[in-house]
>>> print(open('my_file07.cif').read())   # mmCIF, C-alpha atoms and all ligand atoms
data_my_file
#
loop_
_atom_site.label_atom_id
_atom_site.label_comp_id
_atom_site.auth_asym_id
_atom_site.auth_seq_id
_atom_site.Cartn_x
_atom_site.Cartn_y
_atom_site.Cartn_z
CA MET Y 15 -19.16 -6.23 -13.46
CA SER Y 16 -16.41 -5.89 -10.87
CA ALA Y 17 -15.26 -8.77 -8.73
CA ILE Y 18 -16.56 -8.55 -5.18
CA ALA Y 19 -13.64 -9.17 -2.88
CA ALA Y 20 -14.58 -10.29 0.59
CA GLY Y 21 -11.85 -10.73 3.21
CA PRO Y 22 -10.84 -14.14 4.47
CA GLY Y 23 -13.09 -15.10 7.33
CA ASP Y 24 -16.26 -13.19 6.55
CA GLN Y 25 -17.19 -13.66 10.19
CA LEU Y 26 -14.61 -10.96 10.97
CA LYS Y 27 -15.77 -7.39 10.96
CA PRO Y 28 -14.30 -5.69 7.91
CA LYS Y 29 -11.81 -2.89 8.56
CA ILE Y 30 -12.06 -1.15 5.18
CA VAL Y 31 -15.08 -1.35 2.90
CA ALA Y 32 -15.12 0.32 -0.51
CA THR Y 33 -18.46 0.37 -2.30
CA GLY Y 34 -19.21 1.55 -5.83
CA LEU Y 35 -15.95 3.46 -5.76
CA GLU Y 36 -15.27 5.61 -8.78
CA LYS Y 37 -12.86 8.39 -9.73
CA ARG Y 38 -13.11 10.55 -12.81
CA TYR Y 39 -10.54 13.17 -13.70
CA CYS Y 40 -11.43 16.02 -16.05
CA SER Y 41 -8.78 17.14 -18.49
CA ALA Y 42 -8.15 20.79 -19.42
CA ARG Y 43 -9.64 20.08 -22.89
CA GLY Y 44 -12.94 18.96 -21.41
CA GLY Y 45 -12.23 15.22 -21.75
CA GLU Y 46 -12.55 12.76 -18.91
CA THR Y 47 -10.44 9.88 -17.58
CA VAL Y 48 -12.22 7.19 -15.63
CA ALA Y 49 -9.32 6.29 -13.35
CA VAL Y 50 -11.29 3.88 -11.16
CA MET Y 51 -14.74 2.39 -11.71
CA GLY Y 52 -17.09 0.13 -9.74
CA VAL Y 53 -14.64 -0.98 -7.06
CA GLU Y 54 -16.16 -3.19 -4.38
CA LEU Y 55 -13.54 -4.29 -1.88
CA SER Y 56 -13.72 -5.41 1.69
CA ILE Y 57 -10.54 -5.77 3.76
CA CYS Y 58 -10.49 -7.40 7.21
CA ALA Y 59 -8.74 -6.00 10.25
CA GLY Y 60 -5.14 -7.21 10.30
CA GLU Y 61 -5.22 -8.36 6.70
CA PHE Y 62 -2.32 -7.80 4.26
CA VAL Y 63 -3.62 -6.98 0.78
CA CYS Y 64 -1.53 -6.15 -2.31
CA LEU Y 65 -2.86 -4.21 -5.29
CA VAL Y 66 -1.17 -5.03 -8.61
CA GLY Y 67 -1.87 -4.10 -12.20
CA PRO Y 68 -0.47 -2.38 -15.26
CA SER Y 69 0.79 1.19 -15.08
CA GLY Y 70 -2.09 3.66 -15.18
CA CYS Y 71 -4.76 1.14 -14.06
CA GLY Y 72 -5.66 3.27 -11.03
CA LYS Y 73 -3.76 1.65 -8.14
CA THR Y 74 -2.54 4.98 -6.73
CA THR Y 75 -5.94 6.58 -7.26
CA LEU Y 76 -7.64 3.70 -5.45
CA ILE Y 77 -5.26 3.66 -2.48
CA GLN Y 78 -5.47 7.45 -2.21
CA MET Y 79 -9.25 7.30 -2.06
CA MET Y 80 -9.03 4.56 0.58
CA CYS Y 81 -6.77 6.63 2.80
CA GLY Y 82 -8.68 9.87 2.28
CA PHE Y 83 -6.22 11.83 0.10
CA GLU Y 84 -8.53 11.85 -2.93
CA PRO Y 85 -12.29 12.27 -2.69
CA PRO Y 86 -14.17 9.72 -4.81
CA SER Y 87 -16.37 10.91 -7.68
CA ALA Y 88 -18.91 8.26 -6.64
CA GLY Y 89 -19.19 5.56 -4.01
CA ARG Y 90 -17.61 5.59 -0.59
CA VAL Y 91 -14.98 4.13 1.68
CA LEU Y 92 -15.75 3.15 5.26
CA ILE Y 93 -13.03 2.47 7.80
CA ASP Y 94 -14.33 0.86 10.99
CA GLY Y 95 -17.80 1.62 9.70
CA GLU Y 96 -17.15 5.38 9.43
CA PRO Y 97 -16.97 7.26 6.14
CA ILE Y 98 -13.42 8.39 5.47
CA GLN Y 99 -13.31 12.18 5.49
CA GLY Y 100 -9.64 12.94 4.78
CA PRO Y 101 -6.12 12.07 5.92
CA ASN Y 102 -6.03 10.72 9.45
CA PRO Y 103 -3.11 9.66 11.69
CA ASP Y 104 -4.82 6.33 12.24
CA HIS Y 105 -4.50 5.59 8.50
CA ILE Y 106 -1.00 6.36 7.33
CA MET Y 107 0.35 6.43 3.78
CA ILE Y 108 3.97 5.61 2.95
CA PHE Y 109 5.21 6.77 -0.43
CA GLN Y 110 7.99 5.59 -2.70
CA ASP Y 111 10.04 8.75 -2.19
CA TYR Y 112 10.13 8.45 1.62
CA GLY Y 113 8.96 12.03 2.34
CA LEU Y 114 11.62 12.61 5.01
CA PHE Y 115 12.64 16.05 6.26
CA PRO Y 116 16.30 16.45 5.19
CA TRP Y 117 17.06 18.94 7.96
CA ARG Y 118 15.95 16.57 10.72
CA THR Y 119 17.89 13.57 11.99
CA VAL Y 120 16.50 10.07 11.67
CA LEU Y 121 15.26 10.37 15.24
CA GLY Y 122 13.89 13.86 14.58
CA ASN Y 123 11.92 12.57 11.61
CA VAL Y 124 10.22 9.92 13.74
CA VAL Y 125 9.68 12.32 16.65
CA PHE Y 126 8.02 14.84 14.32
CA GLY Y 127 4.90 12.73 13.66
CA LEU Y 128 4.47 12.01 17.35
CA GLU Y 129 4.80 15.64 18.42
CA ALA Y 130 2.33 16.58 15.69
CA LEU Y 131 -0.14 14.31 17.51
CA GLY Y 132 0.41 16.25 20.73
CA MET Y 133 2.85 13.90 22.46
CA SER Y 134 5.39 15.56 24.79
CA THR Y 135 8.99 15.67 23.51
CA PRO Y 136 10.43 13.20 26.08
CA GLU Y 137 7.60 10.75 25.44
CA ALA Y 138 7.94 11.17 21.66
CA LYS Y 139 11.71 10.56 21.86
CA ALA Y 140 11.25 7.42 23.94
CA ARG Y 141 8.65 6.04 21.51
CA ALA Y 142 10.82 7.01 18.50
CA HIS Y 143 13.84 5.19 19.94
CA GLU Y 144 11.71 2.09 20.55
CA THR Y 145 10.43 2.12 16.98
CA LEU Y 146 13.88 2.73 15.48
CA GLN Y 147 15.09 -0.29 17.40
CA LEU Y 148 12.22 -2.32 15.95
CA VAL Y 149 13.36 -1.48 12.40
CA GLY Y 150 17.06 -1.93 13.24
CA LEU Y 151 18.02 1.73 12.94
CA SER Y 152 19.09 2.66 16.47
CA ALA Y 153 22.69 3.20 15.39
CA ALA Y 154 21.59 5.72 12.74
CA ALA Y 155 19.31 7.76 15.04
CA HIS Y 156 21.49 10.88 14.94
CA GLN Y 157 22.31 10.81 11.25
CA HIS Y 158 20.59 12.93 8.63
CA PRO Y 159 18.75 11.44 5.63
CA HIS Y 160 21.57 12.34 3.19
CA GLN Y 161 23.99 10.26 5.30
CA ILE Y 162 22.04 7.00 5.05
CA SER Y 163 21.22 4.55 2.23
CA SER Y 164 17.93 4.42 0.31
CA GLY Y 165 16.87 1.26 2.14
CA MET Y 166 17.55 2.94 5.47
CA LYS Y 167 15.52 6.00 4.38
CA GLN Y 168 12.58 3.77 3.59
CA ARG Y 169 12.96 2.12 6.99
CA VAL Y 170 12.87 5.57 8.62
CA ALA Y 171 9.65 6.28 6.73
CA ILE Y 172 8.24 2.95 7.95
CA ALA Y 173 9.39 3.68 11.53
CA ARG Y 174 7.81 7.13 11.38
CA ALA Y 175 4.53 5.61 10.25
CA LEU Y 176 4.58 2.74 12.77
CA ALA Y 177 5.51 5.00 15.69
CA VAL Y 178 2.09 6.60 15.68
CA GLU Y 179 0.57 3.10 15.82
CA PRO Y 180 -1.86 3.47 12.95
CA SER Y 181 -4.49 0.81 12.53
CA VAL Y 182 -4.04 0.88 8.74
CA LEU Y 183 -0.85 1.29 6.75
CA PHE Y 184 -1.24 2.24 3.10
CA MET Y 185 1.93 1.78 1.03
CA ASP Y 186 2.22 2.90 -2.60
CA GLU Y 187 5.18 1.10 -4.23
CA PRO Y 188 7.31 1.72 -1.16
CA PHE Y 189 10.22 -0.43 -2.34
CA ALA Y 190 10.15 0.42 -6.06
CA ALA Y 191 13.31 2.55 -5.98
CA LEU Y 192 15.39 0.03 -4.06
CA ASP Y 193 17.87 -2.57 -5.29
CA ALA Y 194 16.79 -6.22 -5.28
CA PHE Y 195 18.69 -7.18 -2.10
CA THR Y 196 17.43 -4.25 -0.04
CA ARG Y 197 13.97 -4.88 -1.36
CA LEU Y 198 14.00 -8.53 -0.25
CA ARG Y 199 15.27 -7.52 3.18
CA LEU Y 200 12.60 -4.87 3.60
CA GLN Y 201 9.91 -7.31 2.48
CA ASP Y 202 10.99 -9.63 5.31
CA GLU Y 203 11.07 -6.69 7.68
CA ILE Y 204 7.61 -5.40 6.81
CA LEU Y 205 6.22 -8.93 7.31
CA ARG Y 206 7.95 -9.21 10.68
CA LEU Y 207 6.52 -5.83 11.76
CA TRP Y 208 3.10 -6.78 10.47
CA GLU Y 209 3.20 -10.00 12.46
CA VAL Y 210 4.13 -8.07 15.62
CA LYS Y 211 1.69 -5.18 15.16
CA ARG Y 212 -1.10 -6.85 13.16
CA THR Y 213 -1.73 -3.58 11.38
CA THR Y 214 -4.03 -3.77 8.36
CA VAL Y 215 -1.79 -3.24 5.31
CA VAL Y 216 -2.77 -2.17 1.80
CA PHE Y 217 0.33 -2.33 -0.40
CA VAL Y 218 0.67 -1.35 -4.08
CA THR Y 219 3.39 -3.03 -6.11
CA HIS Y 220 4.37 -3.71 -9.72
CA ASP Y 221 6.31 -6.76 -8.64
CA LEU Y 222 4.19 -9.92 -8.77
CA ASP Y 223 6.70 -11.92 -6.69
CA GLU Y 224 6.60 -9.22 -4.03
CA ALA Y 225 2.80 -9.44 -3.97
CA ILE Y 226 2.86 -13.24 -3.60
CA ALA Y 227 5.55 -13.06 -0.90
CA LEU Y 228 3.62 -10.50 1.16
CA ALA Y 229 -0.11 -10.65 0.63
CA GLN Y 230 -2.88 -12.79 2.02
CA ARG Y 231 -4.87 -11.58 -0.98
CA VAL Y 232 -3.67 -10.08 -4.25
CA VAL Y 233 -6.07 -7.73 -6.01
CA LEU Y 234 -5.33 -7.60 -9.73
CA MET Y 235 -6.54 -4.45 -11.45
CA ALA Y 236 -7.23 -3.83 -15.14
CA SER Y 237 -7.06 -0.51 -17.04
CA SER Y 238 -9.39 1.71 -19.01
CA PRO Y 239 -11.35 2.02 -16.89
CA GLY Y 240 -9.38 1.08 -13.76
CA ARG Y 241 -11.23 -1.76 -12.06
CA ILE Y 242 -10.74 -4.95 -10.09
CA GLN Y 243 -10.21 -7.82 -12.47
CA ARG Y 244 -9.48 -10.65 -10.10
CA VAL Y 245 -8.77 -11.34 -6.44
CA MET Y 246 -6.42 -14.17 -5.59
CA THR Y 247 -6.07 -15.60 -2.09
CA ILE Y 248 -2.50 -16.68 -1.37
CA GLY Y 249 -2.85 -19.64 0.94
CA LEU Y 250 0.84 -20.05 1.79
CA PRO Y 251 2.20 -19.94 5.35
CA TYR Y 252 4.73 -17.26 6.31
CA PRO Y 253 7.65 -16.96 5.82
CA ARG Y 254 7.13 -17.85 2.19
CA GLU Y 255 9.76 -19.75 0.31
CA ARG Y 256 10.11 -18.29 -3.18
CA THR Y 257 11.70 -21.42 -4.57
CA HIS Y 258 8.87 -23.64 -3.31
CA THR Y 259 6.68 -25.22 -5.99
CA ASP Y 260 3.51 -23.80 -4.37
CA PHE Y 261 4.96 -20.29 -4.66
CA SER Y 262 5.77 -20.98 -8.33
CA GLU Y 263 2.22 -22.17 -8.89
CA TYR Y 264 0.79 -18.84 -7.59
CA ARG Y 265 3.36 -17.00 -9.68
CA ARG Y 266 2.28 -18.91 -12.79
CA GLU Y 267 -1.39 -18.21 -12.11
CA LEU Y 268 -0.82 -14.51 -11.51
CA PHE Y 269 1.41 -14.11 -14.59
CA GLU Y 270 -1.23 -15.87 -16.70
CA ALA Y 271 -3.94 -13.53 -15.37
CA PHE Y 272 -1.64 -10.58 -16.08
CA HIS Y 273 -0.92 -11.73 -19.64
CA LEU Y 274 -4.61 -12.26 -20.23
CA LEU Y 275 -5.17 -8.64 -19.23
CA HIS Y 276 -2.59 -7.45 -21.75
CA ALA Y 277 -4.02 -9.64 -24.48
CA THR Y 278 -7.56 -8.38 -23.80
CA ALA Y 279 -6.36 -4.76 -23.75
CA ALA Y 280 -4.43 -5.26 -27.03
CA ASN Y 281 -7.44 -6.87 -28.73
CA SER Y 282 -9.82 -4.14 -27.64
CA ALA Y 283 -7.37 -1.50 -28.95
CA VAL Y 284 -7.37 -3.03 -32.47
N1 LIG Y 301 -4.55 14.18 -10.90
C1 LIG Y 301 -4.86 13.58 -12.03
N2 LIG Y 301 -5.45 14.26 -13.06
C2 LIG Y 301 -5.83 13.66 -14.19
N3 LIG Y 301 -5.64 12.33 -14.43
C3 LIG Y 301 -5.07 11.61 -13.47
C4 LIG Y 301 -4.64 12.18 -12.23
N4 LIG Y 301 -4.10 11.19 -11.46
C5 LIG Y 301 -4.17 10.08 -12.20
N5 LIG Y 301 -4.75 10.31 -13.40
C6 LIG Y 301 -5.04 9.32 -14.44
O1 LIG Y 301 -5.76 8.26 -13.84
C7 LIG Y 301 -5.32 6.99 -14.32
C8 LIG Y 301 -4.86 6.15 -13.14
O2 LIG Y 301 -3.68 6.73 -12.61
P1 LIG Y 301 -2.93 6.12 -11.35
O3 LIG Y 301 -1.81 7.01 -11.03
O4 LIG Y 301 -3.92 5.87 -10.29
O5 LIG Y 301 -2.41 4.72 -11.93
P2 LIG Y 301 -1.39 3.67 -11.31
O6 LIG Y 301 -2.00 2.33 -11.49
O7 LIG Y 301 -1.03 4.08 -9.93
O8 LIG Y 301 -0.13 3.83 -12.28
P3 LIG Y 301 1.42 3.54 -11.96
O9 LIG Y 301 1.54 2.05 -11.87
O10 LIG Y 301 2.13 4.07 -13.16
O11 LIG Y 301 1.79 4.24 -10.69
C9 LIG Y 301 -4.24 7.30 -15.34
O12 LIG Y 301 -4.85 7.30 -16.62
C10 LIG Y 301 -3.76 8.66 -14.97
O13 LIG Y 301 -3.28 9.35 -16.10
MG MG Y 302 0.83 4.61 -9.00
#
>>> encode(input="my_file07.cif", output="structure tokens")
Amino acid sequence: MSAIAAGPGDQLKPKIVATGLEKRYCSARGGETVAVMGVELSICAGEFVCLVGPSGCGKTTLIQMMCGFEPPSAGRVLIDGEPIQGPNPDHIMIFQDYGLFPWRTVLGNVVFGLEALGMSTPEAKARAHETLQLVGLSAAAHQHPHQISSGMKQRVAIARALAVEPSVLFMDEPFAALDAFTRLRLQDEILRLWEVKRTTVVFVTHDLDEAIALAQRVVLMASSPGRIQRVMTIGLPYPRERTHTDFSEYRRELFEAFHLLHATAANSAV
């Protein structure tokens, strides 16, 4: 049976509720992959949740169903009590590969999403400048993506998402391609933005330290079939000190849970 993950403070109205969520993919040869099975997950408004788990355990599939990119094979996702019907500007996804338009400037990339929502060009430019300032990119506003670093590209993608003021931000390994220093800086930045905006964040990562540094709850997934194995509440105040013994204690617990998963998977494969 899957773990039932209720948000901290059950008195709060949940923002995202996944019930009996399942995804099956059919292969060309008639076989079937159960990518996600029996997921029950409730996420509160303003909560920061990280999904972790071994490669192929269904993290991307789960986050894509939650944001409406993939229809579930069974079960459902409610956001603000409404069934999710498809992609929606109120629930934005940020990918690892940034998804920027190379022919547009940094500013133009942020303006694009706002104009697509029907905002007038002057209004969109003003909002885009404000958001670029928030992520520390004002000086790069008139550069093109090929002229800026990978970390800056990811910040543009974050600015573009935040500019439309979504109530939920879904992020699938957004920092995976970045070097360790840039990654640490962007982790601090995303926390700072989250504290200002109080957006609900669902964040996929392979990096257990990143999950402990960012999340209020870490959802550990297991493979074959993809499912929730364990939900860990990280009760540390922000900003979190990675060298603190409490941080190390969460790290130890999460690594042990992770190793247990591997051991169980290896035994069941014998
Ligand atoms: N479009 C698809 N068609 C068929 N199978 C798929 C499809 N997308 C994903 N899968 C399968 O579903 C399972 C879960 O994949 P998913 O990409 O969600 O895992 P993941 O946890 O995000 O992996 P990673 O950490 O490598 O990104 C895998 O077995 C994968 O091969
Ligand atoms: Mg993935």
>>> residues_near_point(input="my_file07.cif", point="(-5.1, 3.6, 9.6)", cutoff="10 Å", atoms="only C-alpha atoms", output="tab-separated table (two decimals) with C-alpha atoms, keeping the file's coordinate frame")
chain	number	residue	atom	x	y	z
Y	29	LYS	CA	-11.81	-2.89	8.56
Y	30	ILE	CA	-12.06	-1.15	5.18
Y	80	MET	CA	-9.03	4.56	0.58
Y	81	CYS	CA	-6.77	6.63	2.80
Y	93	ILE	CA	-13.03	2.47	7.80
Y	94	ASP	CA	-14.33	0.86	10.99
Y	101	PRO	CA	-6.12	12.07	5.92
Y	102	ASN	CA	-6.03	10.72	9.45
Y	103	PRO	CA	-3.11	9.66	11.69
Y	104	ASP	CA	-4.82	6.33	12.24
Y	105	HIS	CA	-4.50	5.59	8.50
Y	106	ILE	CA	-1.00	6.36	7.33
Y	107	MET	CA	0.35	6.43	3.78
Y	175	ALA	CA	4.53	5.61	10.25
Y	178	VAL	CA	2.09	6.60	15.68
Y	179	GLU	CA	0.57	3.10	15.82
Y	180	PRO	CA	-1.86	3.47	12.95
Y	181	SER	CA	-4.49	0.81	12.53
Y	182	VAL	CA	-4.04	0.88	8.74
Y	183	LEU	CA	-0.85	1.29	6.75
Y	184	PHE	CA	-1.24	2.24	3.10
Y	213	THR	CA	-1.73	-3.58	11.38
Y	214	THR	CA	-4.03	-3.77	8.36
Y	215	VAL	CA	-1.79	-3.24	5.31
Y	216	VAL	CA	-2.77	-2.17	1.80
>>> closest_atom_pairs(input="my_file07.cif", of="stretch 117-169 of chain Y", to="stretch 193-199 of chain Y", cutoff="10 Å", atoms="only C-alpha atoms", output="tab-separated table")
residue	atom	partner	partner_atom	distance
Y:Ser163	CA	Y:Thr196	CA	9.8
Y:Ser164	CA	Y:Thr196	CA	8.7
Y:Gly165	CA	Y:Thr196	CA	6.0
Y:Met166	CA	Y:Thr196	CA	9.1
>>> residues_near_point(input="my_file07.cif", point="(-4.5, 0.2, -12.1)", cutoff="6 Å", atoms="all atoms listed in the file", output="PyMOL selection string")
chain Y and resi 67-68+70-73+235-237+240
>>> residues_near_ligand(input="my_file07.cif", ligand="ligand LIG 301 (chain Y)", cutoff="9 Å", atoms="only C-alpha atoms and all ligand atoms", output="ChimeraX atom specification")
/Y:37-41,46-50,66-78,186-187,218-220,235-240
>>> write_last_selection(input="my_file07.cif", atoms="C-alpha atoms", output="PDB file, in the frame of the given file")
ATOM      1  CA  LYS Y  37     -12.860   8.390  -9.730  1.00  0.00           C
ATOM      2  CA  ARG Y  38     -13.110  10.550 -12.810  1.00  0.00           C
ATOM      3  CA  TYR Y  39     -10.540  13.170 -13.700  1.00  0.00           C
ATOM      4  CA  CYS Y  40     -11.430  16.020 -16.050  1.00  0.00           C
ATOM      5  CA  SER Y  41      -8.780  17.140 -18.490  1.00  0.00           C
ATOM      6  CA  GLU Y  46     -12.550  12.760 -18.910  1.00  0.00           C
ATOM      7  CA  THR Y  47     -10.440   9.880 -17.580  1.00  0.00           C
ATOM      8  CA  VAL Y  48     -12.220   7.190 -15.630  1.00  0.00           C
ATOM      9  CA  ALA Y  49      -9.320   6.290 -13.350  1.00  0.00           C
ATOM     10  CA  VAL Y  50     -11.290   3.880 -11.160  1.00  0.00           C
ATOM     11  CA  VAL Y  66      -1.170  -5.030  -8.610  1.00  0.00           C
ATOM     12  CA  GLY Y  67      -1.870  -4.100 -12.200  1.00  0.00           C
ATOM     13  CA  PRO Y  68      -0.470  -2.380 -15.260  1.00  0.00           C
ATOM     14  CA  SER Y  69       0.790   1.190 -15.080  1.00  0.00           C
ATOM     15  CA  GLY Y  70      -2.090   3.660 -15.180  1.00  0.00           C
ATOM     16  CA  CYS Y  71      -4.760   1.140 -14.060  1.00  0.00           C
ATOM     17  CA  GLY Y  72      -5.660   3.270 -11.030  1.00  0.00           C
ATOM     18  CA  LYS Y  73      -3.760   1.650  -8.140  1.00  0.00           C
ATOM     19  CA  THR Y  74      -2.540   4.980  -6.730  1.00  0.00           C
ATOM     20  CA  THR Y  75      -5.940   6.580  -7.260  1.00  0.00           C
ATOM     21  CA  LEU Y  76      -7.640   3.700  -5.450  1.00  0.00           C
ATOM     22  CA  ILE Y  77      -5.260   3.660  -2.480  1.00  0.00           C
ATOM     23  CA  GLN Y  78      -5.470   7.450  -2.210  1.00  0.00           C
ATOM     24  CA  ASP Y 186       2.220   2.900  -2.600  1.00  0.00           C
ATOM     25  CA  GLU Y 187       5.180   1.100  -4.230  1.00  0.00           C
ATOM     26  CA  VAL Y 218       0.670  -1.350  -4.080  1.00  0.00           C
ATOM     27  CA  THR Y 219       3.390  -3.030  -6.110  1.00  0.00           C
ATOM     28  CA  HIS Y 220       4.370  -3.710  -9.720  1.00  0.00           C
ATOM     29  CA  MET Y 235      -6.540  -4.450 -11.450  1.00  0.00           C
ATOM     30  CA  ALA Y 236      -7.230  -3.830 -15.140  1.00  0.00           C
ATOM     31  CA  SER Y 237      -7.060  -0.510 -17.040  1.00  0.00           C
ATOM     32  CA  SER Y 238      -9.390   1.710 -19.010  1.00  0.00           C
ATOM     33  CA  PRO Y 239     -11.350   2.020 -16.890  1.00  0.00           C
ATOM     34  CA  GLY Y 240      -9.380   1.080 -13.760  1.00  0.00           C
TER      35      GLY Y 240
END
>>> atom_distance(input="my_file07.cif", atom1="atom CA of Y:Phe62", atom2="atom CA of Y:Tyr264")
16.5 Å
>>> residues_around(input="my_file07.cif", residues="Y:Leu128", least_positions_apart="5", cutoff="12 Å", atoms="all atoms listed in the file", output="JSON, numbers by chain")
{"Y": [103, 121, 122, 123, 133, 134, 135, 136, 137, 138, 139, 140, 141, 142, 143, 145, 173, 174, 175, 176, 177, 178, 179, 180]}
>>> residues_around(input="my_file07.cif", residues="Y:Leu228", least_positions_apart="6", cutoff="8 Å", atoms="only C-alpha atoms", output="PDB file with C-alpha atoms, keeping the file's coordinate frame")
ATOM      1  CA  PHE Y  62      -2.320  -7.800   4.260  1.00  0.00           C
ATOM      2  CA  CYS Y  64      -1.530  -6.150  -2.310  1.00  0.00           C
ATOM      3  CA  GLN Y 201       9.910  -7.310   2.480  1.00  0.00           C
ATOM      4  CA  LEU Y 205       6.220  -8.930   7.310  1.00  0.00           C
TER       5      LEU Y 205
END
>>> closest_residue(input="my_file07.cif", among="Y:Pro159, Y:Gly150, Y:Gly44, Y:Pro28", to="Y:Ile57", atoms="only C-alpha atoms")
Y:Pro28
>>> residues_around(input="my_file07.cif", residues="Y:Ala229", least_positions_apart="3", cutoff="10 Å", atoms="all atoms listed in the file", output="VMD selection string")
chain Y and resid 61 to 65 205 215 to 217 224 to 226 232 to 233 246 to 250 252
>>> write_last_selection(input="my_file07.cif", atoms="C-alpha atoms", output="tab-separated table (two decimals), in the frame of the given file")
chain	number	residue	atom	x	y	z
Y	61	GLU	CA	-5.22	-8.36	6.70
Y	62	PHE	CA	-2.32	-7.80	4.26
Y	63	VAL	CA	-3.62	-6.98	0.78
Y	64	CYS	CA	-1.53	-6.15	-2.31
Y	65	LEU	CA	-2.86	-4.21	-5.29
Y	205	LEU	CA	6.22	-8.93	7.31
Y	215	VAL	CA	-1.79	-3.24	5.31
Y	216	VAL	CA	-2.77	-2.17	1.80
Y	217	PHE	CA	0.33	-2.33	-0.40
Y	224	GLU	CA	6.60	-9.22	-4.03
Y	225	ALA	CA	2.80	-9.44	-3.97
Y	226	ILE	CA	2.86	-13.24	-3.60
Y	232	VAL	CA	-3.67	-10.08	-4.25
Y	233	VAL	CA	-6.07	-7.73	-6.01
Y	246	MET	CA	-6.42	-14.17	-5.59
Y	247	THR	CA	-6.07	-15.60	-2.09
Y	248	ILE	CA	-2.50	-16.68	-1.37
Y	249	GLY	CA	-2.85	-19.64	0.94
Y	250	LEU	CA	0.84	-20.05	1.79
Y	252	TYR	CA	4.73	-17.26	6.31
>>> closest_residue(input="my_file07.cif", among="Y:Gly89, Y:Leu222, Y:His273, Y:Gly82", to="Y:Gly34", atoms="all atoms listed in the file")
Y:Gly89
>>> atom_distance(input="my_file07.cif", atom1="atom CA of Y:Arg254", atom2="atom CA of Y:Gln110")
24.0 Å
>>> atom_distance(input="my_file07.cif", atom1="atom CA of Y:Leu234", atom2="atom CA of Y:Pro188")
17.9 Å
>>> closest_residue(input="my_file07.cif", among="Y:Arg206, Y:Lys211, Y:His276, Y:Arg90", to="Y:Pro253", atoms="only C-alpha atoms")
Y:Arg206
>>> closest_residue(input="my_file07.cif", among="Y:Val124, Y:Gln243, Y:Phe109, Y:Phe83", to="ligand MG 302 (chain Y)", atoms="all atoms listed in the file")
Y:Phe109
>>> closest_residue(input="my_file07.cif", among="Y:Phe269, Y:Asp260, Y:Ala190, Y:Val210", to="ligand MG 302 (chain Y)", atoms="all atoms listed in the file")
Y:Ala190
>>> residues_around(input="my_file07.cif", residues="Y:Val149", least_positions_apart="2", cutoff="10 Å", atoms="only C-alpha atoms", output="count of residues only")
17
>>> decode(input="my_file07.cif", residues="stretch 107-140 of chain Y", atoms="C-alpha atoms", output="short mmCIF file (atom, residue, chain, number, x, y, z; two decimals), in the first residue's frame")
data_model
loop_
_atom_site.label_atom_id
_atom_site.label_comp_id
_atom_site.auth_asym_id
_atom_site.auth_seq_id
_atom_site.Cartn_x
_atom_site.Cartn_y
_atom_site.Cartn_z
CA MET Y 107 6.49 23.69 -15.33
CA ILE Y 108 10.20 24.50 -15.51
CA PHE Y 109 12.38 21.95 -17.25
CA GLN Y 110 16.06 21.10 -17.02
CA ASP Y 111 16.79 22.38 -20.53
CA TYR Y 112 15.37 25.88 -19.89
CA GLY Y 113 13.11 25.96 -22.98
CA LEU Y 114 14.17 29.50 -23.94
CA PHE Y 115 13.62 31.00 -27.38
CA PRO Y 116 17.15 31.59 -28.77
CA TRP Y 117 16.01 34.38 -31.09
CA ARG Y 118 14.52 36.44 -28.27
CA THR Y 119 16.47 38.46 -25.72
CA VAL Y 120 16.32 37.65 -22.03
CA LEU Y 121 13.67 40.34 -21.67
CA GLY Y 122 11.84 39.10 -24.77
CA ASN Y 123 11.70 35.59 -23.32
CA VAL Y 124 10.03 36.85 -20.15
CA VAL Y 125 7.72 39.21 -22.05
CA PHE Y 126 6.58 36.35 -24.29
CA GLY Y 127 4.70 34.46 -21.55
CA LEU Y 128 2.98 37.63 -20.39
CA GLU Y 129 1.86 38.67 -23.87
CA ALA Y 130 0.59 35.14 -24.44
CA LEU Y 131 -1.71 35.77 -21.46
CA GLY Y 132 -3.08 38.88 -23.16
CA MET Y 133 -1.05 41.52 -21.32
CA SER Y 134 -0.25 44.68 -23.32
CA THR Y 135 3.38 45.06 -24.43
CA PRO Y 136 4.23 48.04 -22.15
CA GLU Y 137 2.67 46.30 -19.16
CA ALA Y 138 4.43 43.02 -20.02
CA LYS Y 139 7.79 44.82 -20.34
CA ALA Y 140 7.35 46.56 -16.99
#
